[in-house]
$ cat entry_8.cif   # mmCIF, C-alpha atoms
data_run
loop_
_atom_site.label_atom_id
_atom_site.label_comp_id
_atom_site.auth_asym_id
_atom_site.auth_seq_id
_atom_site.Cartn_x
_atom_site.Cartn_y
_atom_site.Cartn_z
CA MET A 1 27.77 59.85 -28.30
CA GLY A 2 26.12 57.45 -25.84
CA ILE A 3 22.53 58.22 -24.92
CA SER A 4 22.73 61.69 -26.47
CA MET A 5 24.39 60.31 -29.63
CA ASP A 6 24.30 62.86 -32.40
CA TRP A 7 22.97 60.99 -35.41
CA GLU A 8 23.87 63.88 -37.70
CA VAL A 9 27.52 63.03 -37.02
CA VAL A 10 26.90 59.44 -38.13
CA GLY A 11 25.36 60.72 -41.35
CA TYR A 12 28.26 63.09 -42.05
CA ALA A 13 30.83 60.37 -41.29
CA ALA A 14 28.99 58.00 -43.64
CA ALA A 15 28.93 60.67 -46.36
CA ALA A 16 32.64 61.46 -45.97
CA LEU A 17 33.69 57.80 -46.11
CA THR A 18 31.62 56.90 -49.18
CA MET A 19 32.24 60.21 -50.99
CA PHE A 20 35.98 59.51 -50.90
CA GLY A 21 35.47 55.74 -51.15
CA PHE A 22 37.21 55.35 -54.50
CA LEU A 23 40.20 57.50 -53.52
CA PRO A 24 42.31 54.60 -52.11
CA GLN A 25 41.78 52.70 -55.38
CA LEU A 26 42.84 55.75 -57.43
CA LEU A 27 45.98 56.22 -55.33
CA LYS A 28 46.83 52.51 -55.55
CA MET A 29 46.53 52.58 -59.36
CA VAL A 30 48.78 55.64 -59.54
CA ARG A 31 51.33 54.11 -57.16
CA THR A 32 51.52 50.61 -58.67
CA LYS A 33 50.84 51.54 -62.33
CA SER A 34 48.98 48.21 -62.35
CA VAL A 35 45.25 48.26 -63.03
CA ASP A 36 44.28 45.03 -64.76
CA ASP A 37 42.39 43.49 -61.83
CA VAL A 38 40.25 46.62 -61.47
CA SER A 39 36.82 46.39 -63.10
CA LEU A 40 36.31 49.02 -65.81
CA LEU A 41 32.58 48.27 -65.71
CA MET A 42 32.54 49.08 -61.96
CA MET A 43 34.06 52.50 -62.67
CA VAL A 44 31.70 53.21 -65.58
CA GLN A 45 28.61 52.03 -63.66
CA MET A 46 29.55 54.03 -60.54
CA GLY A 47 30.40 57.05 -62.72
CA LEU A 48 27.02 56.88 -64.44
CA GLY A 49 25.18 56.35 -61.14
CA VAL A 50 26.99 59.22 -59.43
CA SER A 51 26.30 61.47 -62.47
CA LEU A 52 22.59 60.74 -62.13
CA TRP A 53 22.75 61.46 -58.37
CA LEU A 54 24.46 64.76 -59.24
CA ALA A 55 21.74 65.61 -61.79
CA TYR A 56 19.08 64.69 -59.23
CA GLY A 57 20.83 66.86 -56.62
CA LEU A 58 20.98 69.80 -59.03
CA HIS A 59 17.27 69.35 -59.76
CA LEU A 60 16.45 69.31 -56.03
CA GLU A 61 18.98 72.10 -55.37
CA ASN A 62 20.25 69.90 -52.52
CA SER A 63 23.79 70.99 -51.61
CA PRO A 64 24.99 67.84 -49.79
CA LEU A 65 23.86 65.67 -52.73
CA ILE A 66 25.58 68.00 -55.21
CA VAL A 67 28.86 68.30 -53.31
CA ALA A 68 29.19 64.60 -52.40
CA ASN A 69 28.49 63.38 -55.91
CA PHE A 70 30.65 66.02 -57.58
CA VAL A 71 33.57 64.83 -55.42
CA SER A 72 32.86 61.15 -56.18
CA LEU A 73 32.52 61.84 -59.90
CA SER A 74 35.82 63.75 -59.99
CA ILE A 75 37.69 60.89 -58.30
CA LEU A 76 36.08 58.32 -60.61
CA ALA A 77 36.91 60.42 -63.70
CA LEU A 78 40.56 60.60 -62.62
CA GLY A 79 40.37 56.84 -62.03
CA LEU A 80 39.24 56.28 -65.63
CA VAL A 81 42.12 58.39 -66.96
CA VAL A 82 44.64 56.42 -64.88
CA TYR A 83 43.00 53.12 -65.87
CA PHE A 84 43.30 53.84 -69.60
CA ARG A 85 46.87 55.04 -69.09
CA TYR A 86 48.01 51.77 -67.52
CA THR A 87 45.69 49.03 -68.80
CA THR A 88 47.34 46.24 -70.77
CA ASN A 89 43.98 45.09 -72.17
CA ARG A 90 44.76 44.79 -75.88
CA TYR A 91 41.32 45.76 -77.07
CA LEU A 92 41.37 48.96 -75.05
CA THR A 93 44.95 49.94 -75.86
CA ARG A 94 44.36 49.30 -79.57
CA ARG A 95 41.17 51.25 -79.64
CA TYR A 96 42.30 54.32 -77.78
CA PHE A 97 46.05 54.61 -78.14
CA ARG A 98 46.83 53.85 -81.78
CA MET B 1 10.95 62.22 -70.27
CA GLY B 2 11.44 65.56 -72.08
CA ILE B 3 9.52 68.49 -70.64
CA SER B 4 7.53 66.24 -68.30
CA MET B 5 10.67 64.37 -67.21
CA ASP B 6 10.04 62.31 -64.12
CA TRP B 7 12.89 63.16 -61.77
CA GLU B 8 11.92 60.32 -59.45
CA VAL B 9 13.02 57.94 -62.21
CA VAL B 10 16.43 59.65 -62.32
CA GLY B 11 16.75 59.19 -58.57
CA TYR B 12 15.81 55.51 -58.72
CA ALA B 13 18.17 54.87 -61.64
CA ALA B 14 20.98 56.59 -59.72
CA ALA B 15 20.22 54.48 -56.65
CA ALA B 16 20.13 51.21 -58.63
CA LEU B 17 23.43 51.92 -60.39
CA THR B 18 25.37 52.92 -57.27
CA MET B 19 23.74 50.28 -55.01
CA PHE B 20 25.06 47.55 -57.31
CA GLY B 21 28.17 49.56 -58.20
CA PHE B 22 30.65 47.10 -56.69
CA LEU B 23 29.00 44.03 -58.27
CA PRO B 24 31.08 44.10 -61.51
CA GLN B 25 34.26 44.20 -59.40
CA LEU B 26 33.07 41.25 -57.31
CA LEU B 27 32.23 39.22 -60.43
CA LYS B 28 35.57 40.10 -62.03
CA MET B 29 37.49 38.94 -58.94
CA VAL B 30 35.54 35.66 -58.89
CA ARG B 31 36.07 35.10 -62.63
CA THR B 32 39.79 35.97 -62.84
CA LYS B 33 40.81 34.79 -59.33
CA SER B 34 43.18 37.79 -59.52
CA VAL B 35 42.70 40.57 -56.98
CA ASP B 36 46.05 42.19 -56.32
CA ASP B 37 45.36 45.49 -58.10
CA VAL B 38 42.15 45.97 -56.12
CA SER B 39 42.50 48.31 -53.13
CA LEU B 40 41.67 46.58 -49.84
CA LEU B 41 41.44 50.01 -48.20
CA MET B 42 38.79 51.02 -50.76
CA MET B 43 36.67 48.01 -49.79
CA VAL B 44 37.15 48.58 -46.04
CA GLN B 45 36.44 52.33 -46.30
CA MET B 46 33.35 51.80 -48.48
CA GLY B 47 32.19 48.98 -46.18
CA LEU B 48 32.53 51.20 -43.12
CA GLY B 49 30.81 54.14 -44.87
CA VAL B 50 27.94 51.99 -46.10
CA SER B 51 27.57 50.47 -42.60
CA LEU B 52 27.20 53.96 -41.13
CA TRP B 53 24.65 54.86 -43.86
CA LEU B 54 22.76 51.69 -42.92
CA ALA B 55 22.84 52.62 -39.22
CA TYR B 56 21.68 56.14 -40.10
CA GLY B 57 18.88 54.68 -42.26
CA LEU B 58 17.76 52.38 -39.42
CA HIS B 59 17.75 55.36 -37.05
CA LEU B 60 15.64 57.40 -39.49
CA GLU B 61 13.52 54.33 -40.35
CA ASN B 62 14.09 55.28 -43.99
CA SER B 63 13.46 52.21 -46.18
CA PRO B 64 15.33 53.28 -49.34
CA LEU B 65 18.43 54.12 -47.28
CA ILE B 66 18.20 50.78 -45.44
CA VAL B 67 17.63 48.64 -48.54
CA ALA B 68 20.26 50.34 -50.74
CA ASN B 69 22.98 50.18 -48.11
CA PHE B 70 22.14 46.64 -47.02
CA VAL B 71 22.60 45.54 -50.66
CA SER B 72 25.87 47.48 -51.02
CA LEU B 73 27.21 46.13 -47.75
CA SER B 74 26.39 42.53 -48.74
CA ILE B 75 28.23 42.88 -52.06
CA LEU B 76 31.23 44.50 -50.35
CA ALA B 77 31.32 41.78 -47.68
CA LEU B 78 31.38 39.09 -50.37
CA GLY B 79 34.11 41.13 -52.08
CA LEU B 80 36.23 41.01 -48.92
CA VAL B 81 35.82 37.23 -48.67
CA VAL B 82 36.86 36.79 -52.32
CA TYR B 83 39.76 39.24 -51.87
CA PHE B 84 41.22 37.33 -48.92
CA ARG B 85 40.70 34.05 -50.78
CA TYR B 86 42.80 35.15 -53.77
CA THR B 87 45.23 37.80 -52.55
CA THR B 88 48.92 36.98 -52.91
CA ASN B 89 49.88 39.74 -50.46
CA ARG B 90 52.28 37.90 -48.14
CA TYR B 91 51.38 39.82 -45.04
CA LEU B 92 47.68 39.08 -45.47
CA THR B 93 48.07 35.42 -46.44
CA ARG B 94 50.45 34.83 -43.53
CA ARG B 95 48.22 36.53 -41.08
CA TYR B 96 44.96 34.89 -42.03
CA PHE B 97 45.74 31.59 -43.74
CA ARG B 98 48.60 29.98 -41.83
#
$ encode --input "entry_8.cif" --output "C-alpha coordinates"
Amino acid sequence: MGISMDWEVVGYAAAALTMFGFLPQLLKMVRTKSVDDVSLLMMVQMGLGVSLWLAYGLHLENSPLIVANFVSLSILALGLVVYFRYTTNRYLTRRYFR
Amino acid sequence: MGISMDWEVVGYAAAALTMFGFLPQLLKMVRTKSVDDVSLLMMVQMGLGVSLWLAYGLHLENSPLIVANFVSLSILALGLVVYFRYTTNRYLTRRYFR
(Lines of atoms letter the chains of each structure in order from A and count residues from 1; the text may use other names and numbers.)
(Lines give C-alpha, C1' and ligand atoms only; values in the text may rest on other atoms or scores of the structure.)
Protein backbone atom coordinates (compact mmCIF):
# COMPACT_ATOMS: atom_id res chain seq x y z
CA MET A 1 0.00 0.00 0.00
CA GLY A 2 1.20 3.58 0.51
CA ILE A 3 2.64 5.31 -2.54
CA SER A 4 2.85 2.03 -4.47
CA MET A 5 -0.71 1.06 -3.43
CA ASP A 6 -1.98 -1.78 -5.55
CA TRP A 7 -5.41 -0.67 -6.74
CA GLU A 8 -6.17 -4.15 -8.04
CA VAL A 9 -6.23 -5.29 -4.41
CA VAL A 10 -8.82 -2.61 -3.61
CA GLY A 11 -10.96 -3.85 -6.48
CA TYR A 12 -10.71 -7.49 -5.39
CA ALA A 13 -11.48 -6.59 -1.77
CA ALA A 14 -14.52 -4.59 -2.93
CA ALA A 15 -15.69 -7.52 -5.06
CA ALA A 16 -15.26 -10.04 -2.23
CA LEU A 17 -17.15 -7.90 0.30
CA THR A 18 -20.12 -7.13 -1.96
CA MET A 19 -20.24 -10.61 -3.55
CA PHE A 20 -20.77 -12.12 -0.10
CA GLY A 21 -22.69 -9.07 1.15
CA PHE A 22 -25.96 -10.90 1.73
CA LEU A 23 -24.34 -13.85 3.52
CA PRO A 24 -24.58 -12.33 7.06
CA GLN A 25 -28.31 -11.73 6.47
CA LEU A 26 -28.80 -15.34 5.30
CA LEU A 27 -26.96 -16.71 8.34
CA LYS A 28 -28.93 -14.44 10.69
CA MET A 29 -32.25 -15.65 9.22
CA VAL A 30 -31.17 -19.28 9.61
CA ARG A 31 -29.96 -18.70 13.18
CA THR A 32 -32.92 -16.67 14.49
CA LYS A 33 -35.68 -18.27 12.35
CA SER A 34 -37.09 -14.73 12.35
CA VAL A 35 -37.38 -12.94 9.01
CA ASP A 36 -40.33 -10.55 9.16
CA ASP A 37 -38.30 -7.33 9.23
CA VAL A 38 -36.38 -8.39 6.12
CA SER A 39 -37.67 -6.88 2.87
CA LEU A 40 -38.81 -9.53 0.38
CA LEU A 41 -38.78 -6.86 -2.34
CA MET A 42 -35.10 -6.15 -1.57
CA MET A 43 -34.27 -9.83 -2.12
CA VAL A 44 -36.34 -10.07 -5.31
CA GLN A 45 -34.94 -6.80 -6.73
CA MET A 46 -31.34 -7.76 -5.90
CA GLY A 47 -31.93 -11.26 -7.27
CA LEU A 48 -33.27 -9.86 -10.54
CA GLY A 49 -30.46 -7.30 -10.79
CA VAL A 50 -27.77 -9.88 -10.08
CA SER A 51 -29.37 -12.25 -12.64
CA LEU A 52 -29.12 -9.53 -15.28
CA TRP A 53 -25.47 -8.86 -14.31
CA LEU A 54 -24.86 -12.61 -14.69
CA ALA A 55 -26.51 -12.64 -18.13
CA TYR A 56 -24.47 -9.58 -19.11
CA GLY A 57 -21.30 -11.29 -17.85
CA LEU A 58 -22.09 -14.43 -19.84
CA HIS A 59 -22.66 -12.29 -22.94
CA LEU A 60 -19.32 -10.51 -22.44
CA GLU A 61 -17.64 -13.79 -21.43
CA ASN A 62 -16.23 -11.84 -18.46
CA SER A 63 -15.19 -14.32 -15.75
CA PRO A 64 -15.12 -11.96 -12.72
CA LEU A 65 -18.63 -10.71 -13.57
CA ILE A 66 -19.89 -14.28 -14.00
CA VAL A 67 -18.31 -15.67 -10.82
CA ALA A 68 -19.24 -12.73 -8.56
CA ASN A 69 -22.85 -12.64 -9.67
CA PHE A 70 -23.27 -16.41 -9.62
CA VAL A 71 -22.14 -16.38 -5.97
CA SER A 72 -24.45 -13.46 -5.10
CA LEU A 73 -27.39 -15.09 -6.86
CA SER A 74 -26.85 -18.39 -5.03
CA ILE A 75 -26.81 -16.68 -1.63
CA LEU A 76 -29.92 -14.64 -2.49
CA ALA A 77 -31.75 -17.76 -3.75
CA LEU A 78 -30.99 -19.54 -0.47
CA GLY A 79 -32.18 -16.39 1.31
CA LEU A 80 -35.53 -16.59 -0.50
CA VAL A 81 -35.96 -20.24 0.50
CA VAL A 82 -35.22 -19.42 4.15
CA TYR A 83 -37.49 -16.35 4.01
CA PHE A 84 -40.48 -18.36 2.76
CA ARG A 85 -39.74 -21.06 5.32
CA TYR A 86 -39.95 -18.68 8.28
CA THR A 87 -42.17 -15.76 7.22
CA THR A 88 -45.32 -15.25 9.26
CA ASN A 89 -46.84 -13.00 6.57
CA ARG A 90 -50.31 -14.49 6.20
CA TYR A 91 -50.66 -13.73 2.53
CA LEU A 92 -47.39 -15.49 1.71
CA THR A 93 -47.93 -18.49 3.98
CA ARG A 94 -51.46 -18.96 2.63
CA ARG A 95 -50.39 -18.70 -0.94
CA TYR A 96 -47.42 -21.01 -0.85
CA PHE A 97 -47.88 -23.42 2.02
CA ARG A 98 -51.52 -24.55 1.88
CA MET B 1 -34.75 -7.03 -28.16
CA GLY B 2 -34.86 -10.45 -29.87
CA ILE B 3 -32.09 -11.12 -32.37
CA SER B 4 -30.90 -7.50 -32.25
CA MET B 5 -31.04 -7.44 -28.43
CA ASP B 6 -29.21 -4.46 -27.04
CA TRP B 7 -26.96 -5.87 -24.33
CA GLU B 8 -26.14 -2.38 -23.10
CA VAL B 9 -29.75 -2.14 -21.95
CA VAL B 10 -29.33 -5.36 -19.94
CA GLY B 11 -26.24 -3.90 -18.29
CA TYR B 12 -27.99 -0.63 -17.41
CA ALA B 13 -31.05 -2.47 -16.07
CA ALA B 14 -28.77 -4.66 -13.94
CA ALA B 15 -26.97 -1.58 -12.63
CA ALA B 16 -30.22 0.26 -11.81
CA LEU B 17 -31.71 -2.72 -9.95
CA THR B 18 -28.63 -3.46 -7.83
CA MET B 19 -27.73 0.22 -7.25
CA PHE B 20 -31.12 0.76 -5.61
CA GLY B 21 -31.22 -2.80 -4.25
CA PHE B 22 -31.20 -1.78 -0.57
CA LEU B 23 -33.88 0.91 -1.01
CA PRO B 24 -36.88 -1.42 -0.34
CA GLN B 25 -35.21 -2.53 2.91
CA LEU B 26 -34.63 1.10 3.95
CA LEU B 27 -38.25 2.02 3.22
CA LYS B 28 -39.52 -1.05 5.08
CA MET B 29 -37.47 -0.17 8.17
CA VAL B 30 -38.79 3.42 8.09
CA ARG B 31 -42.39 2.24 7.62
CA THR B 32 -42.46 -0.55 10.24
CA LYS B 33 -39.97 1.00 12.74
CA SER B 34 -38.94 -2.64 13.24
CA VAL B 35 -35.38 -3.61 12.36
CA ASP B 36 -34.30 -6.46 14.58
CA ASP B 37 -34.31 -9.19 11.93
CA VAL B 38 -32.09 -7.09 9.67
CA SER B 39 -28.39 -8.02 9.80
CA LEU B 40 -26.21 -5.11 10.95
CA LEU B 41 -23.17 -7.02 9.67
CA MET B 42 -24.77 -7.20 6.21
CA MET B 43 -25.14 -3.41 6.16
CA VAL B 44 -21.60 -2.81 7.45
CA GLN B 45 -20.05 -5.35 5.05
CA MET B 46 -21.98 -3.99 2.05
CA GLY B 47 -21.16 -0.41 3.11
CA LEU B 48 -17.46 -1.22 3.32
CA GLY B 49 -17.52 -3.10 -0.01
CA VAL B 50 -19.38 -0.31 -1.78
CA SER B 51 -16.95 2.26 -0.29
CA LEU B 52 -14.02 0.32 -1.75
CA TRP B 53 -15.83 0.11 -5.14
CA LEU B 54 -16.31 3.89 -4.94
CA ALA B 55 -12.61 4.42 -4.15
CA TYR B 56 -11.69 2.10 -7.02
CA GLY B 57 -14.05 4.00 -9.34
CA LEU B 58 -12.51 7.34 -8.32
CA HIS B 59 -9.05 5.91 -8.97
CA LEU B 60 -10.11 4.69 -12.42
CA GLU B 61 -12.12 7.89 -13.03
CA ASN B 62 -14.95 5.60 -14.13
CA SER B 63 -18.25 7.51 -13.92
CA PRO B 64 -20.69 4.57 -13.85
CA LEU B 65 -18.71 2.93 -11.02
CA ILE B 66 -18.61 6.23 -9.09
CA VAL B 67 -22.30 7.09 -9.54
CA ALA B 68 -23.66 3.59 -8.83
CA ASN B 69 -21.61 3.11 -5.69
CA PHE B 70 -22.22 6.63 -4.40
CA VAL B 71 -25.97 5.95 -4.65
CA SER B 72 -25.65 2.54 -2.95
CA LEU B 73 -23.47 3.96 -0.19
CA SER B 74 -25.95 6.79 0.49
CA ILE B 75 -28.86 4.36 0.82
CA LEU B 76 -26.84 2.06 3.09
CA ALA B 77 -25.73 5.00 5.26
CA LEU B 78 -29.36 6.07 5.71
CA GLY B 79 -30.13 2.43 6.50
CA LEU B 80 -27.56 2.44 9.30
CA VAL B 81 -29.05 5.62 10.79
CA VAL B 82 -32.56 4.10 10.72
CA TYR B 83 -31.25 0.80 12.13
CA PHE B 84 -29.63 2.46 15.14
CA ARG B 85 -32.74 4.59 15.65
CA TYR B 86 -35.04 1.56 15.95
CA THR B 87 -32.93 -1.38 17.11
CA THR B 88 -33.90 -2.92 20.44
CA ASN B 89 -30.54 -4.69 20.73
CA ARG B 90 -29.52 -3.82 24.30
CA TYR B 91 -25.82 -3.71 23.63
CA LEU B 92 -26.27 -1.25 20.77
CA THR B 93 -28.84 0.98 22.48
CA ARG B 94 -26.71 1.11 25.63
CA ARG B 95 -23.60 1.91 23.77
CA TYR B 96 -24.94 4.63 21.53
CA PHE B 97 -28.04 6.10 23.17
CA ARG B 98 -27.30 6.40 26.89
$ interface_residues --input "entry_8.cif" --of "chain B" --to "chain A" --cutoff "9 Å" --atoms "all atoms listed in the file" --output "count of residues only"
47
$ atom_distance --input "entry_8.cif" --atom1 "CA of Arg31 in chain A" --atom2 "CA of Thr88 in chain B"
17.8 Å
$ atom_distance --input "entry_8.cif" --atom1 "CA of Val81 in chain B" --atom2 "CA of Phe84 in chain A"
27.7 Å
$ atom_distance --input "entry_8.cif" --atom1 "CA of Val30 in chain B" --atom2 "CA of Val82 in chain B"
6.8 Å
